[in-house]
4 protein chains.
Amino acid sequence: MSHYILKVDCSDKAGLIYHLAEVIYHHGMNIEKNSEFVDKEFDRFFFRAIISGDVDLEKLRLDLTSMLPEDATIVLRARRKKNILLMATKESHCLGDILIRYHSGELDANIQAVISNHDSLRELTQKFDIPYFHVSAENLEREDHEDKVKALINEFNPDFIVLAKYMRILSPAFVEPYLGKIINIHHSFLPAFIGANPYKQAFNRGVKIIGATAHYVNNDLDEGPIIAQDVVAVNHEYSWKDMQKAGRNVEKIVLSKALDLALDDKIFVYKNKTVIF
Amino acid sequence: MSHYILKVDCSDKAGLIYHLAEVIYHHGMNIEKNSEFVDKEFDRFFFRAIISGDVDLEKLRLDLTSMLPEDATIVLRARRKKNILLMATKESHCLGDILIRYHSGELDANIQAVISNHDSLRELTQKFDIPYFHVSAENLEREDHEDKVKALINEFNPDFIVLAKYMRILSPAFVEPYLGKIINIHHSFLPAFIGANPYKQAFNRGVKIIGATAHYVNNDLDEGPIIAQDVVAVNHEYSWKDMQKAGRNVEKIVLSKALDLALDDKIFVYKNKTVIF
Amino acid sequence: MSHYILKVDCSDKAGLIYHLAEVIYHHGMNIEKNSEFVDKEFDRFFFRAIISGDVDLEKLRLDLTSMLPEDATIVLRARRKKNILLMATKESHCLGDILIRYHSGELDANIQAVISNHDSLRELTQKFDIPYFHVSAENLEREDHEDKVKALINEFNPDFIVLAKYMRILSPAFVEPYLGKIINIHHSFLPAFIGANPYKQAFNRGVKIIGATAHYVNNDLDEGPIIAQDVVAVNHEYSWKDMQKAGRNVEKIVLSKALDLALDDKIFVYKNKTVIF
Amino acid sequence: MSHYILKVDCSDKAGLIYHLAEVIYHHGMNIEKNSEFVDKEFDRFFFRAIISGDVDLEKLRLDLTSMLPEDATIVLRARRKKNILLMATKESHCLGDILIRYHSGELDANIQAVISNHDSLRELTQKFDIPYFHVSAENLEREDHEDKVKALINEFNPDFIVLAKYMRILSPAFVEPYLGKIINIHHSFLPAFIGANPYKQAFNRGVKIIGATAHYVNNDLDEGPIIAQDVVAVNHEYSWKDMQKAGRNVEKIVLSKALDLALDDKIFVYKNKTVIF
């Protein structure tokens, strides 16, 4: 018996759960698990279910479409392992964490390749038999560099692009075609310390807690929808380098958590926020 | 338009959500919010919904009963403010936290009275115009003392009895008629440090984190279903008195959190565990 | 035998600990506890000790002064209970937490009075037999209102002024004479969400963690030296009102923690940061 | 100029800090950083300093010895990179975390080898050019297996032995010669869930928080001095496998934290507890 993921978001109206359950039931499917949420601010309904049974997927999709409001977004597909492409620069803690979890089978994804603007992480990546592409930005206009990266990405056509400490700013034009697909880890508790050198900023401000934020990348730097955040306590004895070291553990855990949520189709994005079941 | 709370737990079977949604829909009710969970270990289905509309409550209950499996437990009632009875001994931090939240209107409950085996908290309680009953245990057999307390409780017939640092052990015979109604705060991260003087135990063991646990009280001391837990970091500089002081903040927050969940009908108990929506 | 607190901060140089210990030893005093820190960025030395014995305090101070660098700040005094003055507006959670801890004897301070720009908290305050001063800002220029508040403060001459959710912005002129004496609780994880309505800001940004920050107030709104911070997890189900409610628990705990540190002379302020032993 | 670590613990008496500072000063050394603690329960004094300068180490040691109480333990040595030996079984998350941190240069230690009772982690270990020794326990008495492991350990003579999810119980006879050198990660918030399958135990008890504990191994299983602990929230939706997955992140972070503290000579052990500066 097959398992399918069904995600719906649409404007809210009375009876939606009943009608969804009805359509699913009449297709002979069972709801293994479902979650539902209504955003009262925008009157938006979110629904996610794991459904099981033998089904004519296209017919089910049609019936859902005709039942749901016109503005509905429907995701309906067999559960499958996703393809992901990693991008990194020089720091290995996030990349390494993903590679170890990949190697042990804990990460539910195929890593297609690592793309980097430096060659520093080649050796580590290739230990795990994953292709490594060094796309240097030297002597290139931003646009030309991004075009090269984009060409590579499009070759792989990944489900998600994971910025595992990729330290170059991506232009809106680059991001546009991959909206909802690029996950970044920012080394601060956003929206605090937007921009460069968050740990130095945190050190200078004398904060007692530092954090990390995983978010989808949109056109607006560090302003994308937040997926996961976590923090760790620091004190006056921490230099900014100490903060950076302490922060690395938070960064890798937060990125892994966000990635797992995305791989499991648990995230909706609406009005620059996430709904996560 | 009235709002009702519906809680169902029963053995799991296919189509439950559909059939629940169907019955609710055909009574002209809307599901404002619902949560669902299946415990795969025991094949048990849990469902909680806030439903709104004009309804014949008894007819709806009947239709639900005839549709659901025979082992179903159904709670269906208008949302209303609950009555609670507090029990305490000498420490004021948990009682005080509840009183302040009551006074500000944040606590969604009527406090009927405080019962204590000491007179120490009378003054604090009466500041808030709440009746205080000192039921001394001196020169009394446990059974006789508990009978006196029980007589008082039964006079008030509270929805919940909150043990806000009530430091006497309750006998199984006392607890029995109030199963699922008594909420206790235990000053350790259960199941660590069961029994007397958890902070001294924690100090002696040299732990680096201490915690508190709010749980329903059952016949088995410190073994009831856990509702909420939280922790705070400590270190070698903490005496056990320091741990106790640090722990008080966790205790009051955890108890308040558990109480709010109970008051909002968000907790199911099954097989000595809680399902919390 | 008496206990004294000694706090020193000065530019760093070799042998400071030895010379400090020497002076203390030759006065026949014992060091019960000491902490030391050197800020490498500014080459600044911080030292705090609890010392015990019978001492000529002025002679000890003189010997310390002549031994230490000229830029040294020396605090030397018998340990004593501090006087504090509370300021609040309408919300009772922080004030109530302090009052309960005061009433139980846990708070190591005398509360001299509560000053408020509203009358809402009078009843609660007076339950605890503490004078309440309502200084309305209605029909007054900011300066005139602040003058009235200042007159009251100066009458009491408190060691610390605690802004327990005092919701008016204080002008630099008001703050100036009390630098290092005013402790504020800000309802966000500073420097995120500076300014008005942090919970609404947090809600709109879709953060997954909210926090609170206790800090000394300086001339620059929300920019004073941070004393303590803590956070709590939230999710998409939280309205901004829910965030506010969850945040209240963090606010009161963080403010109480900061206040306890200040009352225990554990905080140094230097270059807009705190060193806390 | 060289840096030395000095650690002293001895019975407490007046003037210890002065006399320590005096001896250090008269050897022409500067105290870069020092921490001090007195355990009031056992009247035990703990002192750790980083001192710098040119010194006759043996003469300094002699002077310290003759000044300090007879029961003093003195550690005095140049700061140097430590040698560590890892032991693991089949799970790779803790081993992998250490390897990645080793590879990036973040781990301040030489990894001499990995010893395992299985061959599963050979491939991962050898990616990082670290010798892997598979010492199978099959068909061997415990004592014989431990003798083989011990022979290997003694060949390497490591500063620390890190049990990175080594799932065999070590006999007291094995542990004895390495007291204070073996660091273990236990997959629960000790003392909760001692023994086998802590995650299953935690699942069955219905806890809302799970944790991990890094501790020195002594003769008494799961009873050694605790170095570091941390926790993560779980809920009713977590199967015990989910708890195990969530716990892995805590395990690796806690083990790495404890290891860093040990490598930096920051830990004292006394009466089965740790003092950590």
# chains A, B, ... in the order shown; residues from 1 in each chain; ligands from 1

$ residues_around --residues "region 215-224 of chain B" --least-positions-apart "2" --cutoff "6 Å" --atoms "only C-alpha atoms" --output "number ranges by chain"
B: 172, 182-184, 226-227

$ interface_residues --of "chain A" --to "chain D" --cutoff "8 Å" --atoms "only C-alpha atoms" --output "list in words"
Glu91, Ser92, His93, Gly96, Asp97, Ile100, Arg101, Ser104, Lys127, Asn249 and Ile253 of chain A

$ residues_around --residues "Arg44 (chain C)" --least-positions-apart "3" --cutoff "9 Å" --atoms "only C-alpha atoms" --output "number ranges by chain"
C: 9-13, 37-41, 270

$ residues_around --residues "Tyr132 (chain B)" --least-positions-apart "5" --cutoff "6 Å" --atoms "only C-alpha atoms" --output "list in words"
Ala113, Val114, Ile115 and Arg122 of chain B

$ atom_distance --atom1 "CA of Ser66 (chain A)" --atom2 "CA of Ile31 (chain A)"
20.0 Å

$ residues_around --residues "Asn197 (chain D)" --least-positions-apart "5" --cutoff "12 Å" --atoms "only C-alpha atoms" --output "CSV table (one decimal) with C-alpha atoms, in the first residue's frame"
chain,number,residue,atom,x,y,z
D,167,MET,CA,27.9,0.3,23.7
D,186,HIS,CA,25.1,8.6,28.1
D,187,HIS,CA,21.9,8.9,26.1
D,188,SER,CA,19.7,10.2,28.8
D,192,ALA,CA,17.0,9.4,34.8
D,202,ALA,CA,11.8,7.8,28.2
D,203,PHE,CA,9.1,7.0,25.6
D,204,ASN,CA,7.4,4.6,28.0
D,240,TRP,CA,11.1,6.2,20.7
D,241,LYS,CA,12.9,6.1,17.4
D,243,MET,CA,13.4,10.5,20.4
D,244,GLN,CA,16.6,8.7,19.6

$ residues_around --residues "region 78-81 of chain A" --least-positions-apart "4" --cutoff "8 Å" --atoms "only C-alpha atoms" --output "MDAnalysis selection string"
chainID A and resid 2:5 108:110 263

$ select_by_dssp --residues "region 165-208 of chain C" --states "helix (DSSP H, G or I)" --output "PyMOL selection string"
chain C and resi 172-178+198-205

$ write_last_selection --atoms "C-alpha atoms" --output "PDB file, in the first residue's frame"
ATOM      1  CA  PRO C 172      18.184  61.214  28.448  1.00  0.00           C
ATOM      2  CA  ALA C 173      17.995  64.103  30.903  1.00  0.00           C
ATOM      3  CA  PHE C 174      15.915  61.978  33.267  1.00  0.00           C
ATOM      4  CA  VAL C 175      18.212  58.971  32.994  1.00  0.00           C
ATOM      5  CA  GLU C 176      21.490  60.837  33.352  1.00  0.00           C
ATOM      6  CA  PRO C 177      21.678  61.139  37.159  1.00  0.00           C
ATOM      7  CA  TYR C 178      20.726  57.470  37.640  1.00  0.00           C
ATOM      8  CA  PRO C 198       7.917  44.010  19.940  1.00  0.00           C
ATOM      9  CA  TYR C 199       5.456  41.107  20.046  1.00  0.00           C
ATOM     10  CA  LYS C 200       3.579  42.454  17.043  1.00  0.00           C
ATOM     11  CA  GLN C 201       6.886  42.918  15.271  1.00  0.00           C
ATOM     12  CA  ALA C 202       7.900  39.370  16.182  1.00  0.00           C
ATOM     13  CA  PHE C 203       4.568  38.013  15.010  1.00  0.00           C
ATOM     14  CA  ASN C 204       4.843  39.849  11.699  1.00  0.00           C
ATOM     15  CA  ARG C 205       8.373  38.591  11.140  1.00  0.00           C
TER      16      ARG C 205
END

$ residues_around --residues "Lys7 (chain D)" --least-positions-apart "6" --cutoff "9 Å" --atoms "only C-alpha atoms" --output "PyMOL selection string"
chain D and resi 46-50+73-76+265-266+268

$ atom_distance --atom1 "CA of Pro225 (chain A)" --atom2 "CA of Leu261 (chain B)"
28.8 Å

$ decode --residues "region 78-178 of chain B" --atoms "C-alpha atoms" --output "JSON list (two decimals), in the first residue's frame"
[["chain", "number", "residue", "atom", "x", "y", "z"],
["B", 78, "ALA", "CA", -19.72, 24.48, 25.85],
["B", 79, "ARG", "CA", -16.44, 26.24, 26.61],
["B", 80, "ARG", "CA", -16.63, 27.67, 30.08],
["B", 81, "LYS", "CA", -14.42, 28.97, 32.84],
["B", 82, "LYS", "CA", -13.35, 26.15, 35.17],
["B", 83, "ASN", "CA", -13.38, 26.07, 38.95],
["B", 84, "ILE", "CA", -10.12, 25.20, 40.61],
["B", 85, "LEU", "CA", -9.11, 24.50, 44.16],
["B", 86, "LEU", "CA", -5.53, 25.08, 45.23],
["B", 87, "MET", "CA", -3.60, 23.12, 47.84],
["B", 88, "ALA", "CA", -0.31, 24.34, 49.25],
["B", 89, "THR", "CA", 1.88, 24.02, 52.33],
["B", 90, "LYS", "CA", 4.37, 26.76, 53.17],
["B", 91, "GLU", "CA", 6.17, 27.83, 50.01],
["B", 92, "SER", "CA", 4.48, 30.69, 48.20],
["B", 93, "HIS", "CA", 6.13, 30.85, 44.77],
["B", 94, "CYS", "CA", 3.69, 28.60, 42.90],
["B", 95, "LEU", "CA", 0.62, 29.80, 44.79],
["B", 96, "GLY", "CA", 1.74, 33.41, 44.36],
["B", 97, "ASP", "CA", 2.26, 32.99, 40.63],
["B", 98, "ILE", "CA", -1.25, 31.62, 40.24],
["B", 99, "LEU", "CA", -2.74, 34.35, 42.40],
["B", 100, "ILE", "CA", -1.05, 37.11, 40.39],
["B", 101, "ARG", "CA", -2.21, 35.59, 37.13],
["B", 102, "TYR", "CA", -5.69, 35.22, 38.60],
["B", 103, "HIS", "CA", -5.75, 38.83, 39.77],
["B", 104, "SER", "CA", -4.72, 40.16, 36.36],
["B", 105, "GLY", "CA", -7.34, 38.08, 34.61],
["B", 106, "GLU", "CA", -4.74, 36.05, 32.74],
["B", 107, "LEU", "CA", -5.71, 32.81, 34.47],
["B", 108, "ASP", "CA", -8.86, 31.51, 32.84],
["B", 109, "ALA", "CA", -10.36, 30.00, 36.00],
["B", 110, "ASN", "CA", -12.22, 30.73, 39.20],
["B", 111, "ILE", "CA", -10.15, 29.97, 42.29],
["B", 112, "GLN", "CA", -12.61, 28.60, 44.81],
["B", 113, "ALA", "CA", -10.31, 28.27, 47.80],
["B", 114, "VAL", "CA", -6.87, 27.38, 49.09],
["B", 115, "ILE", "CA", -6.52, 24.39, 51.40],
["B", 116, "SER", "CA", -3.33, 23.98, 53.38],
["B", 117, "ASN", "CA", -1.97, 21.77, 56.11],
["B", 118, "HIS", "CA", -0.36, 24.92, 57.57],
["B", 119, "ASP", "CA", -1.53, 28.42, 58.26],
["B", 120, "SER", "CA", 1.51, 30.12, 56.67],
["B", 121, "LEU", "CA", -0.10, 31.13, 53.40],
["B", 122, "ARG", "CA", -3.34, 32.47, 54.84],
["B", 123, "GLU", "CA", -2.29, 36.08, 54.76],
["B", 124, "LEU", "CA", -1.11, 35.94, 51.16],
["B", 125, "THR", "CA", -4.24, 34.11, 50.03],
["B", 126, "GLN", "CA", -6.63, 36.43, 51.76],
["B", 127, "LYS", "CA", -5.01, 39.46, 50.17],
["B", 128, "PHE", "CA", -6.70, 38.17, 47.05],
["B", 129, "ASP", "CA", -10.06, 37.61, 48.74],
["B", 130, "ILE", "CA", -9.88, 33.88, 48.39],
["B", 131, "PRO", "CA", -11.08, 31.62, 51.21],
["B", 132, "TYR", "CA", -8.28, 29.83, 53.04],
["B", 133, "PHE", "CA", -8.80, 26.59, 54.89],
["B", 134, "HIS", "CA", -6.18, 25.42, 57.30],
["B", 135, "VAL", "CA", -6.61, 21.70, 57.79],
["B", 136, "SER", "CA", -3.91, 20.79, 60.25],
["B", 137, "ALA", "CA", -2.56, 17.27, 60.14],
["B", 138, "GLU", "CA", -1.32, 17.45, 63.70],
["B", 139, "ASN", "CA", -2.41, 14.60, 65.96],
["B", 140, "LEU", "CA", -4.37, 13.09, 63.11],
["B", 141, "GLU", "CA", -4.01, 9.78, 61.33],
["B", 142, "ARG", "CA", -3.35, 10.24, 57.62],
["B", 143, "GLU", "CA", -6.78, 8.86, 56.82],
["B", 144, "ASP", "CA", -8.55, 11.23, 59.16],
["B", 145, "HIS", "CA", -6.69, 14.23, 57.81],
["B", 146, "GLU", "CA", -7.46, 13.24, 54.26],
["B", 147, "ASP", "CA", -11.12, 12.77, 55.13],
["B", 148, "LYS", "CA", -11.28, 16.34, 56.34],
["B", 149, "VAL", "CA", -9.61, 17.61, 53.18],
["B", 150, "LYS", "CA", -11.87, 15.47, 51.06],
["B", 151, "ALA", "CA", -14.98, 16.84, 52.75],
["B", 152, "LEU", "CA", -13.84, 20.35, 51.85],
["B", 153, "ILE", "CA", -13.02, 19.45, 48.28],
["B", 154, "ASN", "CA", -16.36, 17.81, 47.78],
["B", 155, "GLU", "CA", -18.10, 20.88, 49.06],
["B", 156, "PHE", "CA", -16.46, 22.88, 46.27],
["B", 157, "ASN", "CA", -16.62, 20.18, 43.62],
["B", 158, "PRO", "CA", -13.78, 21.76, 41.59],
["B", 159, "ASP", "CA", -12.89, 20.91, 37.99],
["B", 160, "PHE", "CA", -9.24, 20.69, 38.99],
["B", 161, "ILE", "CA", -7.26, 20.42, 42.21],
["B", 162, "VAL", "CA", -3.86, 22.08, 41.88],
["B", 163, "LEU", "CA", -1.12, 20.98, 44.26],
["B", 164, "ALA", "CA", 0.93, 24.17, 44.31],
["B", 165, "LYS", "CA", 3.73, 22.76, 46.47],
["B", 166, "TYR", "CA", 1.49, 20.70, 48.74],
["B", 167, "MET", "CA", 4.14, 18.76, 50.59],
["B", 168, "ARG", "CA", 2.16, 15.85, 52.00],
["B", 169, "ILE", "CA", 1.92, 12.54, 50.23],
["B", 170, "LEU", "CA", -1.64, 11.70, 49.22],
["B", 171, "SER", "CA", -2.81, 8.16, 49.74],
["B", 172, "PRO", "CA", -4.16, 6.13, 46.80],
["B", 173, "ALA", "CA", -7.54, 6.08, 48.48],
["B", 174, "PHE", "CA", -7.60, 9.87, 48.54],
["B", 175, "VAL", "CA", -6.52, 10.21, 44.95],
["B", 176, "GLU", "CA", -8.84, 7.59, 43.49],
["B", 177, "PRO", "CA", -12.05, 9.68, 43.14],
["B", 178, "TYR", "CA", -10.13, 12.59, 41.57]]
